[in-house]
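Text of the file final-v8.tsv, holding TSV, C-alpha atoms (C1' of nucleotides):
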```tsv
chain	number	residue	atom	x	y	z
A	10	MET	CA	-21.64	-30.06	12.90
A	11	ASP	CA	-20.09	-33.49	12.75
A	12	GLN	CA	-16.64	-33.21	14.21
A	13	ALA	CA	-16.30	-36.95	14.21
A	14	LYS	CA	-14.32	-38.38	11.35
A	15	SER	CA	-11.55	-37.14	9.14
A	16	PRO	CA	-13.20	-35.71	6.04
A	17	ASN	CA	-10.62	-36.59	3.41
A	18	ILE	CA	-9.23	-39.80	2.01
A	19	HIS	CA	-5.79	-39.06	3.41
A	20	HIS	CA	-6.71	-40.61	6.69
A	21	LEU	CA	-6.74	-43.95	5.00
A	22	PHE	CA	-3.02	-43.65	4.48
A	23	GLN	CA	-2.39	-42.16	7.86
A	24	GLN	CA	-3.55	-45.01	9.96
A	25	SER	CA	-0.01	-46.27	10.40
A	26	PHE	CA	0.87	-42.92	12.07
A	27	PRO	CA	-1.42	-43.23	15.02
A	28	THR	CA	-1.04	-39.88	16.73
A	29	VAL	CA	-1.45	-36.89	14.41
A	30	ALA	CA	0.09	-36.51	10.92
A	31	ARG	CA	-2.08	-34.04	9.01
A	32	THR	CA	-1.20	-32.88	5.52
A	33	PRO	CA	1.70	-30.46	6.01
A	34	SER	CA	0.75	-27.66	3.50
A	35	THR	CA	2.99	-24.64	3.10
A	36	PRO	CA	3.05	-22.30	6.06
A	37	ILE	CA	1.47	-18.94	5.40
A	38	THR	CA	4.81	-17.23	5.87
A	39	GLU	CA	6.14	-18.83	2.71
A	40	HIS	CA	3.49	-17.47	0.41
A	41	LEU	CA	4.47	-14.57	-1.79
A	42	ALA	CA	1.16	-12.86	-1.09
A	43	TYR	CA	1.87	-12.96	2.62
A	44	LEU	CA	5.45	-11.76	2.35
A	45	LEU	CA	4.33	-8.86	0.22
A	46	ALA	CA	1.59	-7.96	2.67
A	47	GLN	CA	3.97	-8.12	5.59
A	48	ALA	CA	6.71	-6.07	3.95
A	49	ASN	CA	4.22	-3.55	2.67
A	50	ARG	CA	2.64	-3.19	6.07
A	51	GLU	CA	5.93	-2.69	7.82
A	52	ILE	CA	7.40	-0.18	5.38
A	53	ASN	CA	4.15	1.73	5.30
A	54	ARG	CA	3.96	1.79	9.07
A	55	GLN	CA	7.45	3.27	9.26
A	56	LEU	CA	6.70	5.86	6.63
A	57	ASP	CA	3.46	6.80	8.34
A	58	ALA	CA	5.34	7.26	11.58
A	59	ARG	CA	7.64	9.76	9.90
A	60	PHE	CA	4.72	11.57	8.29
A	61	LYS	CA	2.91	11.73	11.57
A	62	LYS	CA	4.29	15.12	12.57
A	63	GLU	CA	2.87	16.55	9.34
A	64	GLY	CA	-0.40	14.75	9.97
A	65	VAL	CA	-0.53	13.41	6.42
A	66	PRO	CA	-1.36	9.83	5.48
A	67	VAL	CA	0.85	8.10	2.92
A	68	GLU	CA	-1.92	8.15	0.32
A	69	GLN	CA	-2.04	11.93	0.40
A	70	TRP	CA	1.68	12.10	-0.11
A	71	ARG	CA	1.27	9.93	-3.19
A	72	ILE	CA	-1.39	12.23	-4.54
A	73	LEU	CA	0.70	15.30	-3.87
A	74	LYS	CA	3.74	13.70	-5.44
A	75	VAL	CA	1.93	12.77	-8.60
A	76	LEU	CA	0.49	16.26	-8.87
A	77	SER	CA	3.84	17.94	-8.28
A	78	ASP	CA	4.73	17.54	-11.92
A	79	GLY	CA	2.65	20.68	-12.27
A	80	LYS	CA	0.48	19.14	-14.96
A	81	GLY	CA	-3.16	18.57	-14.33
A	82	HIS	CA	-4.38	15.02	-13.72
A	83	SER	CA	-7.88	13.69	-14.04
A	84	MET	CA	-9.40	11.82	-11.12
A	85	GLY	CA	-9.26	8.57	-13.02
A	86	ASP	CA	-5.58	8.92	-13.82
A	87	LEU	CA	-4.90	9.88	-10.25
A	88	ALA	CA	-6.82	6.93	-8.88
A	89	ASP	CA	-4.73	4.54	-10.95
A	90	ALA	CA	-1.51	6.29	-10.08
A	91	VAL	CA	-2.05	6.34	-6.34
A	92	LEU	CA	-3.63	2.90	-6.03
A	93	LEU	CA	-6.97	4.10	-4.70
A	94	ASN	CA	-10.38	3.37	-6.11
A	95	HIS	CA	-12.50	6.20	-7.33
A	96	PRO	CA	-14.87	6.94	-4.48
A	97	THR	CA	-12.08	6.72	-1.92
A	98	LEU	CA	-10.01	9.15	-3.94
A	99	THR	CA	-12.92	11.54	-4.34
A	100	LYS	CA	-13.38	11.72	-0.59
A	101	MET	CA	-9.70	12.02	0.15
A	102	VAL	CA	-9.39	14.81	-2.39
A	103	ASP	CA	-12.35	16.53	-0.74
A	104	ARG	CA	-10.34	16.69	2.46
A	105	MET	CA	-7.25	17.88	0.67
A	106	VAL	CA	-9.23	20.63	-1.01
A	107	SER	CA	-10.47	21.70	2.42
A	108	ASP	CA	-6.87	21.81	3.53
A	109	ALA	CA	-6.02	23.87	0.46
A	110	LEU	CA	-3.39	21.39	-0.71
A	111	VAL	CA	-4.96	20.75	-4.10
A	112	TYR	CA	-7.76	22.16	-6.20
A	113	ARG	CA	-10.17	21.03	-8.87
A	114	VAL	CA	-10.74	22.54	-12.29
A	115	GLN	CA	-13.26	21.34	-14.80
A	116	ASP	CA	-11.58	20.10	-17.94
A	117	PRO	CA	-12.65	22.45	-20.73
A	118	ASP	CA	-12.03	19.82	-23.40
A	119	ASP	CA	-14.12	17.13	-21.76
A	120	ARG	CA	-16.57	18.42	-19.24
A	121	ARG	CA	-17.08	15.07	-17.61
A	122	LYS	CA	-13.55	15.29	-16.36
A	123	VAL	CA	-12.04	17.12	-13.46
A	124	VAL	CA	-8.44	18.20	-13.58
A	125	MET	CA	-6.56	18.23	-10.31
A	126	PHE	CA	-3.76	20.63	-9.50
A	127	ILE	CA	-1.48	21.08	-6.55
A	128	SER	CA	-1.45	24.42	-4.72
A	129	ASP	CA	1.60	26.29	-3.49
A	130	ARG	CA	0.78	25.20	0.01
A	131	GLY	CA	0.67	21.64	-1.27
A	132	LYS	CA	4.02	22.09	-2.94
A	133	THR	CA	5.84	23.20	0.16
A	134	LEU	CA	4.25	20.39	2.15
A	135	THR	CA	5.31	17.93	-0.53
A	136	GLN	CA	8.90	19.04	-0.18
A	137	ARG	CA	8.88	18.35	3.53
A	138	LEU	CA	7.26	14.97	2.94
A	139	ASN	CA	9.71	14.12	0.18
A	140	SER	CA	12.65	14.64	2.43
A	141	LEU	CA	11.07	12.50	5.12
A	142	ALA	CA	10.48	9.77	2.54
A	143	LEU	CA	14.00	10.05	1.21
A	144	SER	CA	15.42	9.76	4.67
A	145	GLN	CA	13.43	6.59	5.14
A	146	GLU	CA	14.72	5.16	1.89
A	147	ALA	CA	18.24	6.05	2.99
A	148	HIS	CA	17.65	4.36	6.31
A	149	ILE	CA	16.46	1.21	4.57
A	150	ALA	CA	19.33	1.17	2.11
A	151	GLU	CA	21.67	1.61	5.04
A	152	ASN	CA	20.90	-1.49	7.06
A	153	TYR	CA	19.48	-3.56	4.26
A	154	GLY	CA	22.14	-2.86	1.68
A	155	ASN	CA	22.18	-0.92	-1.55
A	156	LYS	CA	22.41	-4.01	-3.69
A	157	ALA	CA	19.57	-5.77	-1.94
A	158	THR	CA	17.40	-2.68	-2.20
A	159	ALA	CA	18.11	-2.26	-5.88
A	160	ASP	CA	17.52	-5.95	-6.56
A	161	LEU	CA	14.28	-5.90	-4.67
A	162	LYS	CA	13.03	-2.87	-6.55
A	163	ARG	CA	13.92	-4.42	-9.85
A	164	LEU	CA	12.17	-7.68	-9.01
A	165	LEU	CA	9.08	-5.85	-7.81
A	166	GLU	CA	8.91	-3.78	-10.96
A	167	SER	CA	9.20	-6.86	-13.05
A	168	LEU	CA	6.54	-8.68	-11.04
A	169	ILE	CA	4.16	-5.77	-11.39
A	170	GLU	CA	4.77	-5.62	-15.10
A	171	LYS	CA	4.16	-9.35	-15.56
A	172	ALA	CA	1.06	-9.26	-13.42
A	173	ASN	CA	-0.82	-7.26	-16.04
B	4	MET	CA	-4.34	30.67	-4.73
B	5	ASP	CA	-1.14	32.47	-5.59
B	6	GLN	CA	0.66	30.32	-8.08
B	7	ALA	CA	3.13	33.04	-8.87
B	8	LYS	CA	6.63	32.45	-7.62
B	9	SER	CA	8.75	29.45	-6.77
B	10	PRO	CA	8.60	29.00	-3.01
B	11	ASN	CA	12.06	27.62	-2.27
B	12	ILE	CA	15.59	28.93	-2.49
B	13	HIS	CA	16.34	26.68	-5.42
B	14	HIS	CA	14.88	29.18	-7.76
B	15	LEU	CA	17.86	31.37	-7.08
B	16	PHE	CA	19.99	28.84	-8.85
B	17	GLN	CA	17.44	28.15	-11.51
B	18	GLN	CA	17.23	31.61	-12.96
B	19	SER	CA	19.56	30.62	-15.78
B	20	PHE	CA	16.94	28.08	-16.91
B	21	PRO	CA	14.20	30.50	-17.78
B	22	THR	CA	11.27	28.29	-18.68
B	23	VAL	CA	10.43	25.69	-16.04
B	24	ALA	CA	13.07	23.68	-14.17
B	25	ARG	CA	11.44	22.56	-10.96
B	26	THR	CA	13.31	20.31	-8.57
B	27	PRO	CA	13.11	16.88	-10.21
B	28	SER	CA	12.53	14.68	-7.10
B	29	THR	CA	12.17	10.93	-7.53
B	30	PRO	CA	8.94	9.84	-9.16
B	31	ILE	CA	6.62	7.98	-6.83
B	32	THR	CA	7.02	4.83	-8.90
B	33	GLU	CA	10.64	4.52	-7.83
B	34	HIS	CA	9.98	4.44	-4.13
B	35	LEU	CA	10.20	1.08	-2.45
B	36	ALA	CA	7.09	1.83	-0.42
B	37	TYR	CA	5.13	2.42	-3.60
B	38	LEU	CA	6.43	-0.66	-5.41
B	39	LEU	CA	5.53	-2.80	-2.42
B	40	ALA	CA	2.06	-1.30	-2.22
B	41	GLN	CA	1.50	-1.85	-5.91
B	42	ALA	CA	2.75	-5.41	-5.98
B	43	ASN	CA	0.84	-6.26	-2.84
B	44	ARG	CA	-2.33	-4.78	-4.21
B	45	GLU	CA	-2.06	-6.65	-7.47
B	46	ILE	CA	-1.23	-10.05	-6.01
B	47	ASN	CA	-3.94	-9.67	-3.41
B	48	ARG	CA	-6.45	-8.68	-6.03
B	49	GLN	CA	-5.67	-11.81	-8.02
B	50	LEU	CA	-5.89	-14.03	-4.98
B	51	ASP	CA	-9.17	-12.45	-3.93
B	52	ALA	CA	-10.54	-13.11	-7.39
B	53	ARG	CA	-9.77	-16.80	-7.00
B	54	PHE	CA	-11.26	-16.90	-3.52
B	55	LYS	CA	-14.37	-15.18	-4.71
B	56	LYS	CA	-16.27	-18.36	-5.48
B	57	GLU	CA	-15.74	-19.43	-1.87
B	58	GLY	CA	-16.76	-15.99	-0.67
B	59	VAL	CA	-13.79	-15.74	1.65
B	60	PRO	CA	-11.52	-12.71	1.99
B	61	VAL	CA	-7.78	-13.26	2.01
B	62	GLU	CA	-7.54	-12.35	5.69
B	63	GLN	CA	-9.84	-15.19	6.64
B	64	TRP	CA	-7.73	-17.61	4.68
B	65	ARG	CA	-4.70	-16.45	6.64
B	66	ILE	CA	-6.53	-17.01	9.90
B	67	LEU	CA	-7.67	-20.45	8.82
B	68	LYS	CA	-4.22	-21.35	7.63
B	69	VAL	CA	-2.55	-20.35	10.86
B	70	LEU	CA	-5.13	-22.29	12.86
B	71	SER	CA	-4.80	-25.39	10.68
B	72	ASP	CA	-1.79	-26.47	12.67
B	73	GLY	CA	-4.45	-27.79	15.03
B	74	LYS	CA	-2.91	-26.02	18.00
B	75	GLY	CA	-4.83	-23.30	19.73
B	76	HIS	CA	-3.77	-19.70	19.16
B	77	SER	CA	-4.57	-16.70	21.30
B	78	MET	CA	-6.13	-13.66	19.69
B	79	GLY	CA	-2.94	-11.68	20.20
B	80	ASP	CA	-0.78	-14.29	18.51
B	81	LEU	CA	-3.26	-14.56	15.70
B	82	ALA	CA	-3.41	-10.82	15.21
B	83	ASP	CA	0.36	-10.70	14.79
B	84	ALA	CA	0.41	-13.72	12.53
B	85	VAL	CA	-2.29	-12.52	10.17
B	86	LEU	CA	-1.29	-8.84	10.10
B	87	LEU	CA	-4.54	-7.51	11.58
B	88	ASN	CA	-4.92	-5.33	14.61
B	89	HIS	CA	-6.83	-6.62	17.54
B	90	PRO	CA	-10.29	-5.09	17.17
B	91	THR	CA	-10.39	-5.92	13.48
B	92	LEU	CA	-9.46	-9.49	14.21
B	93	THR	CA	-12.07	-9.77	16.96
B	94	LYS	CA	-14.81	-8.70	14.59
B	95	MET	CA	-13.60	-10.88	11.75
B	96	VAL	CA	-13.43	-13.86	14.08
B	97	ASP	CA	-16.98	-13.08	15.20
B	98	ARG	CA	-18.10	-13.55	11.62
B	99	MET	CA	-16.09	-16.73	11.23
B	100	VAL	CA	-17.60	-18.13	14.41
B	101	SER	CA	-21.05	-17.39	12.97
B	102	ASP	CA	-20.01	-19.29	9.89
B	103	ALA	CA	-18.79	-22.14	12.10
B	104	LEU	CA	-15.29	-22.03	10.64
B	105	VAL	CA	-13.54	-21.47	13.96
B	106	TYR	CA	-14.43	-21.45	17.63
B	107	ARG	CA	-13.27	-19.82	20.83
B	108	VAL	CA	-12.24	-21.50	24.07
B	109	GLN	CA	-11.19	-19.71	27.19
B	110	ASP	CA	-7.59	-20.49	28.08
B	111	PRO	CA	-7.69	-22.38	31.36
B	112	ASP	CA	-4.12	-21.38	32.26
B	113	ASP	CA	-4.66	-17.67	31.74
B	114	ARG	CA	-8.25	-16.65	31.80
B	115	ARG	CA	-7.61	-13.32	30.13
B	116	LYS	CA	-6.82	-15.23	26.99
B	117	VAL	CA	-9.00	-16.83	24.39
B	118	VAL	CA	-7.74	-19.78	22.44
B	119	MET	CA	-8.91	-20.08	18.87
B	120	PHE	CA	-9.41	-23.39	17.11
B	121	ILE	CA	-10.41	-24.35	13.61
B	122	SER	CA	-13.51	-26.49	13.08
B	123	ASP	CA	-13.82	-29.41	10.71
B	124	ARG	CA	-15.85	-27.22	8.42
B	125	GLY	CA	-13.01	-24.70	8.54
B	126	LYS	CA	-10.50	-27.42	7.72
B	127	THR	CA	-12.23	-28.56	4.58
B	128	LEU	CA	-12.67	-24.99	3.44
B	129	THR	CA	-9.00	-24.35	4.11
B	130	GLN	CA	-8.05	-27.21	1.85
B	131	ARG	CA	-10.04	-25.77	-1.02
B	132	LEU	CA	-8.53	-22.34	-0.41
B	133	ASN	CA	-5.02	-23.77	-0.17
B	134	SER	CA	-5.28	-25.32	-3.55
B	135	LEU	CA	-6.56	-22.08	-5.04
B	136	ALA	CA	-3.63	-20.26	-3.46
B	137	LEU	CA	-1.15	-22.84	-4.66
B	138	SER	CA	-2.49	-22.60	-8.16
B	139	GLN	CA	-1.95	-18.86	-8.01
B	140	GLU	CA	1.63	-19.31	-6.84
B	141	ALA	CA	2.15	-21.76	-9.64
B	142	HIS	CA	0.74	-19.30	-12.11
B	143	ILE	CA	3.07	-16.59	-10.86
B	144	ALA	CA	6.13	-18.83	-10.91
B	145	GLU	CA	5.17	-19.80	-14.42
B	146	ASN	CA	5.29	-16.46	-16.18
B	147	TYR	CA	7.57	-14.69	-13.75
B	148	GLY	CA	10.14	-17.44	-13.39
B	149	ASN	CA	11.11	-19.75	-10.59
B	150	LYS	CA	14.37	-17.99	-9.93
B	151	ALA	CA	12.86	-14.55	-9.82
B	152	THR	CA	10.13	-15.76	-7.48
B	153	ALA	CA	12.60	-17.41	-5.15
B	154	ASP	CA	14.87	-14.36	-5.20
B	155	LEU	CA	11.99	-12.06	-4.49
B	156	LYS	CA	10.81	-14.15	-1.58
B	157	ARG	CA	14.28	-14.28	-0.12
B	158	LEU	CA	14.73	-10.53	-0.41
B	159	LEU	CA	11.35	-9.85	1.13
B	160	GLU	CA	12.07	-12.15	4.05
B	161	SER	CA	15.34	-10.43	4.63
B	162	LEU	CA	13.76	-6.98	4.42
B	163	ILE	CA	11.10	-7.94	6.91
B	164	GLU	CA	13.68	-9.32	9.26
B	165	LYS	CA	15.83	-6.20	9.05
B	166	ALA	CA	12.85	-3.93	9.50
B	167	ASN	CA	12.41	-5.07	13.08
C	18	DC	C1'	-28.57	14.24	-36.85
C	19	DG	C1'	-30.41	11.34	-32.94
C	20	DG	C1'	-30.28	8.33	-29.40
C	21	DG	C1'	-28.39	4.33	-27.08
C	22	DA	C1'	-23.94	2.98	-25.07
C	23	DA	C1'	-19.74	4.19	-22.84
C	24	DT	C1'	-16.93	7.22	-19.88
C	25	DT	C1'	-16.15	10.08	-15.90
C	26	DG	C1'	-16.87	11.52	-11.41
C	27	DT	C1'	-19.71	11.91	-7.23
C	28	DT	C1'	-23.10	10.53	-3.71
C	29	DG	C1'	-25.46	7.78	-0.10
C	30	DA	C1'	-26.08	3.60	2.21
C	31	DA	C1'	-23.87	-0.44	3.80
C	32	DT	C1'	-19.83	-2.30	5.53
C	33	DA	C1'	-15.34	-2.41	7.62
C	34	DT	C1'	-11.60	-0.51	10.25
C	35	DT	C1'	-9.63	2.12	13.82
C	36	DC	C1'	-9.12	4.62	18.17
C	37	DA	C1'	-9.99	5.15	22.84
C	38	DA	C1'	-12.18	3.39	26.69
C	39	DT	C1'	-13.48	-0.62	29.26
C	40	DA	C1'	-13.54	-5.16	31.72
C	41	DT	C1'	-11.13	-8.94	33.31
C	42	DT	C1'	-7.29	-11.39	34.83
C	43	DT	C1'	-2.52	-11.87	35.90
C	44	DT	C1'	2.01	-10.17	37.27
C	45	DC	C1'	4.98	-7.70	39.95
C	46	DC	C1'	6.76	-5.27	43.77
C	47	DT	C1'	7.28	-3.97	48.45
D	18	DA	C1'	-0.76	-10.33	51.28
D	19	DG	C1'	-2.40	-6.55	48.73
D	20	DG	C1'	-2.67	-3.23	45.57
D	21	DA	C1'	-0.68	-0.85	41.45
D	22	DA	C1'	0.72	-1.91	36.85
D	23	DA	C1'	0.66	-4.77	32.79
D	24	DA	C1'	-1.49	-7.93	29.61
D	25	DT	C1'	-5.44	-9.60	27.01
D	26	DA	C1'	-9.59	-9.22	24.59
D	27	DT	C1'	-13.79	-6.81	23.55
D	28	DT	C1'	-16.96	-2.87	22.84
D	29	DG	C1'	-18.87	1.47	21.00
D	30	DA	C1'	-18.23	5.64	18.68
D	31	DA	C1'	-15.80	7.90	15.10
D	32	DT	C1'	-13.82	7.38	10.78
D	33	DA	C1'	-12.86	5.36	6.37
D	34	DT	C1'	-13.78	2.41	2.53
D	35	DT	C1'	-16.60	0.10	-0.66
D	36	DC	C1'	-20.59	-1.02	-3.54
D	37	DA	C1'	-24.29	0.25	-6.25
D	38	DA	C1'	-26.86	3.81	-8.11
D	39	DC	C1'	-26.80	8.14	-10.16
D	40	DA	C1'	-25.85	12.40	-13.02
D	41	DA	C1'	-23.50	14.54	-16.58
D	42	DT	C1'	-21.07	14.42	-20.74
D	43	DT	C1'	-19.14	12.40	-24.76
D	44	DC	C1'	-18.83	8.78	-28.16
D	45	DC	C1'	-20.43	6.04	-31.77
D	46	DC	C1'	-23.15	4.19	-35.20
D	47	DG	C1'	-27.15	3.73	-38.06
```

When written as structure tokens, how does the structure in this file appear?
Amino acid sequence: MDQAKSPNIHHLFQQSFPTVARTPSTPITEHLAYLLAQANREINRQLDARFKKEGVPVEQWRILKVLSDGKGHSMGDLADAVLLNHPTLTKMVDRMVSDALVYRVQDPDDRRKVVMFISDRGKTLTQRLNSLALSQEAHIAENYGNKATADLKRLLESLIEKAN
Amino acid sequence: MDQAKSPNIHHLFQQSFPTVARTPSTPITEHLAYLLAQANREINRQLDARFKKEGVPVEQWRILKVLSDGKGHSMGDLADAVLLNHPTLTKMVDRMVSDALVYRVQDPDDRRKVVMFISDRGKTLTQRLNSLALSQEAHIAENYGNKATADLKRLLESLIEKAN
DNA sequence: CGGGAATTGTTGAATATTCAATATTTTCCT
DNA sequence: AGGAAAATATTGAATATTCAACAATTCCCG
């Protein structure tokens, strides 16, 4: 590899600055994508820490929460709702079925489909997880501010909506 | 599975509502953790799509971008900066070394450490990636609004700061 | 009706990530 | 000084995710 000369035309204009002077370019920390990743990671980490004593990953809580409306949900709907792609969801649901948290029923109206339901065991677990999650939200709202939290949520919703 | 009776004491108070009346509990879509995950996923997906023609995952762009300051960075610093845990970073850097985008040097002051540098090949790639990323940011700012984008960034920064 | 195309979900192989253990070097403490 | 503890990075095994292929069913259109 030739490490010799500056590969872009900028160096023509940089000769008067002898030492360094590379194109500045926005630091990674100012990119929206990065800020979202960082915030998401941190909040998720905290939530996971709270869920740890129940031994349930955040994704399973999402699944349980969606199913707690009591209605049946197809795998496809679930996958969209919980932000998982299909094969990942299938395998996670397999585990949850083993743990008797949810169960599958074949949709009688469309036999390609599977309809997922939450079990009673799943329901009681969901309640414990919900209160852990709520306590986290309360904790955030506490030292981040109610207004800021509400504003942030609103902006995120709007971003998500626009992004489609 | 016994789906028969409501498992919590609430049902004592719900007897006057004969039909259903389960505890409402916030829908998943109102939780901050979920909104962050969703927004992050979507923005990342879009960025990945743009990077696709370069065949570079977003994480590698982050690494390249951090290293483009020309200074050397230890693996630990890098891992923090690019939101990857150490073993994952090690293996990703292995690939990038194979691709001659970055290289390792042992830190002479502390021989436990490795100092990472970006190669010239890495620099030119970074420039192409930067402009793809900037065009995405521009696209977002365009149909989401400059104010909203700035507000969102500010709120995210503040959340991240508070969360530590 | 019949059959190709589309939809839905799962599987298996390939890939990536994570956890725990390890190796190496430095720091700290007495 | 000298040895235990901490810091840094990597490795290998276990686990998880993804991609592509598949199977089953339904849809659609001629």

Chain A contacts on chain D, all atoms listed in the file, 8 Å, as number ranges by chain: D: 34, 41-43

Those residues with C-alpha atoms (C1' of nucleotides), as a compact mmCIF listing (two decimals), in the coordinates of the input please?
```
# COMPACT_ATOMS: atom_id res chain seq x y z
C1' DT D 34 -13.78 2.41 2.53
C1' DA D 41 -23.50 14.54 -16.58
C1' DT D 42 -21.07 14.42 -20.74
C1' DT D 43 -19.14 12.40 -24.76
```

Shell around Ile127 in chain A at 8 Å using only C-alpha atoms (C1' of nucleotides), local window under 5 positions removed, as JSON, numbers by chain: {"A": [73, 76, 77, 79, 110, 111, 112, 132]}

Those selected residues, please, written with C-alpha atoms and delivered as an mmCIF file, in the coordinates of the input.
```cif
data_model
loop_
_atom_site.group_PDB
_atom_site.id
_atom_site.type_symbol
_atom_site.label_atom_id
_atom_site.label_comp_id
_atom_site.auth_asym_id
_atom_site.auth_seq_id
_atom_site.Cartn_x
_atom_site.Cartn_y
_atom_site.Cartn_z
ATOM 1 C CA LEU A 73 0.700 15.300 -3.870
ATOM 2 C CA LEU A 76 0.490 16.260 -8.870
ATOM 3 C CA SER A 77 3.840 17.940 -8.280
ATOM 4 C CA GLY A 79 2.650 20.680 -12.270
ATOM 5 C CA LEU A 110 -3.390 21.390 -0.710
ATOM 6 C CA VAL A 111 -4.960 20.750 -4.100
ATOM 7 C CA TYR A 112 -7.760 22.160 -6.200
ATOM 8 C CA LYS A 132 4.020 22.090 -2.940
#
```

Using all atoms listed in the file, what table do you get, as CSV, when you list each residue of chain D with an atom no more than 8 Å from range 24-43 of chain C, its nearest pair of atoms, and their distance in Å rounded to one decimal, rows by chain then rising number?
```
residue,atom,partner,partner_atom,distance
D:DA24,C1',C:DT43,C1',7.5
D:DT28,C1',C:DT39,C1',7.6
D:DT32,C1',C:DT35,C1',7.4
D:DA33,C1',C:DT34,C1',7.1
D:DT34,C1',C:DA33,C1',7.2
D:DT35,C1',C:DT32,C1',7.4
D:DC39,C1',C:DT28,C1',7.8
D:DT43,C1',C:DT24,C1',7.5
```

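Least-squares superposition puts chain B on chain A with a C-alpha RMSD of 0.6 Å, counting every Cα pair in order.
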
Counting all atoms listed in the file, find residues at most 12 Å from (2.6, -2.1, 5.2) (file frame) and give them as a ChimeraX atom specification. /A:43-58,67 /B:35-44,86-87,163,166

Write the selection just made, keeping C-alpha atoms, as a compact mmCIF listing (two decimals), in the coordinates of the input?
```
# COMPACT_ATOMS: atom_id res chain seq x y z
CA TYR A 43 1.87 -12.96 2.62
CA LEU A 44 5.45 -11.76 2.35
CA LEU A 45 4.33 -8.86 0.22
CA ALA A 46 1.59 -7.96 2.67
CA GLN A 47 3.97 -8.12 5.59
CA ALA A 48 6.71 -6.07 3.95
CA ASN A 49 4.22 -3.55 2.67
CA ARG A 50 2.64 -3.19 6.07
CA GLU A 51 5.93 -2.69 7.82
CA ILE A 52 7.40 -0.18 5.38
CA ASN A 53 4.15 1.73 5.30
CA ARG A 54 3.96 1.79 9.07
CA GLN A 55 7.45 3.27 9.26
CA LEU A 56 6.70 5.86 6.63
CA ASP A 57 3.46 6.80 8.34
CA ALA A 58 5.34 7.26 11.58
CA VAL A 67 0.85 8.10 2.92
CA LEU B 35 10.20 1.08 -2.45
CA ALA B 36 7.09 1.83 -0.42
CA TYR B 37 5.13 2.42 -3.60
CA LEU B 38 6.43 -0.66 -5.41
CA LEU B 39 5.53 -2.80 -2.42
CA ALA B 40 2.06 -1.30 -2.22
CA GLN B 41 1.50 -1.85 -5.91
CA ALA B 42 2.75 -5.41 -5.98
CA ASN B 43 0.84 -6.26 -2.84
CA ARG B 44 -2.33 -4.78 -4.21
CA LEU B 86 -1.29 -8.84 10.10
CA LEU B 87 -4.54 -7.51 11.58
CA ILE B 163 11.10 -7.94 6.91
CA ALA B 166 12.85 -3.93 9.50
```

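Of the residues listed (A:Arg130, A:His148, A:Arg137, A:Arg113), A:Arg113 shows the shortest atom-to-atom separation from chain C; distances use all atoms listed in the file.
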
CA of Leu143 in chain A and CA of Glu164 in chain B are how many Å apart? 21.0 Å

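If you look at CA of Val118 in chain B and CA of Lys55 in chain B, they are 28.3 Å away from each other.
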
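The space separating CA of Gln63 in chain B from CA of Glu39 in chain A comes to 16.9 Å.
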
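Closest approach to Val75 in chain A among B:Lys56, B:Thr32, B:Val117, B:Ala84: B:Thr32, based on all atoms listed in the file.
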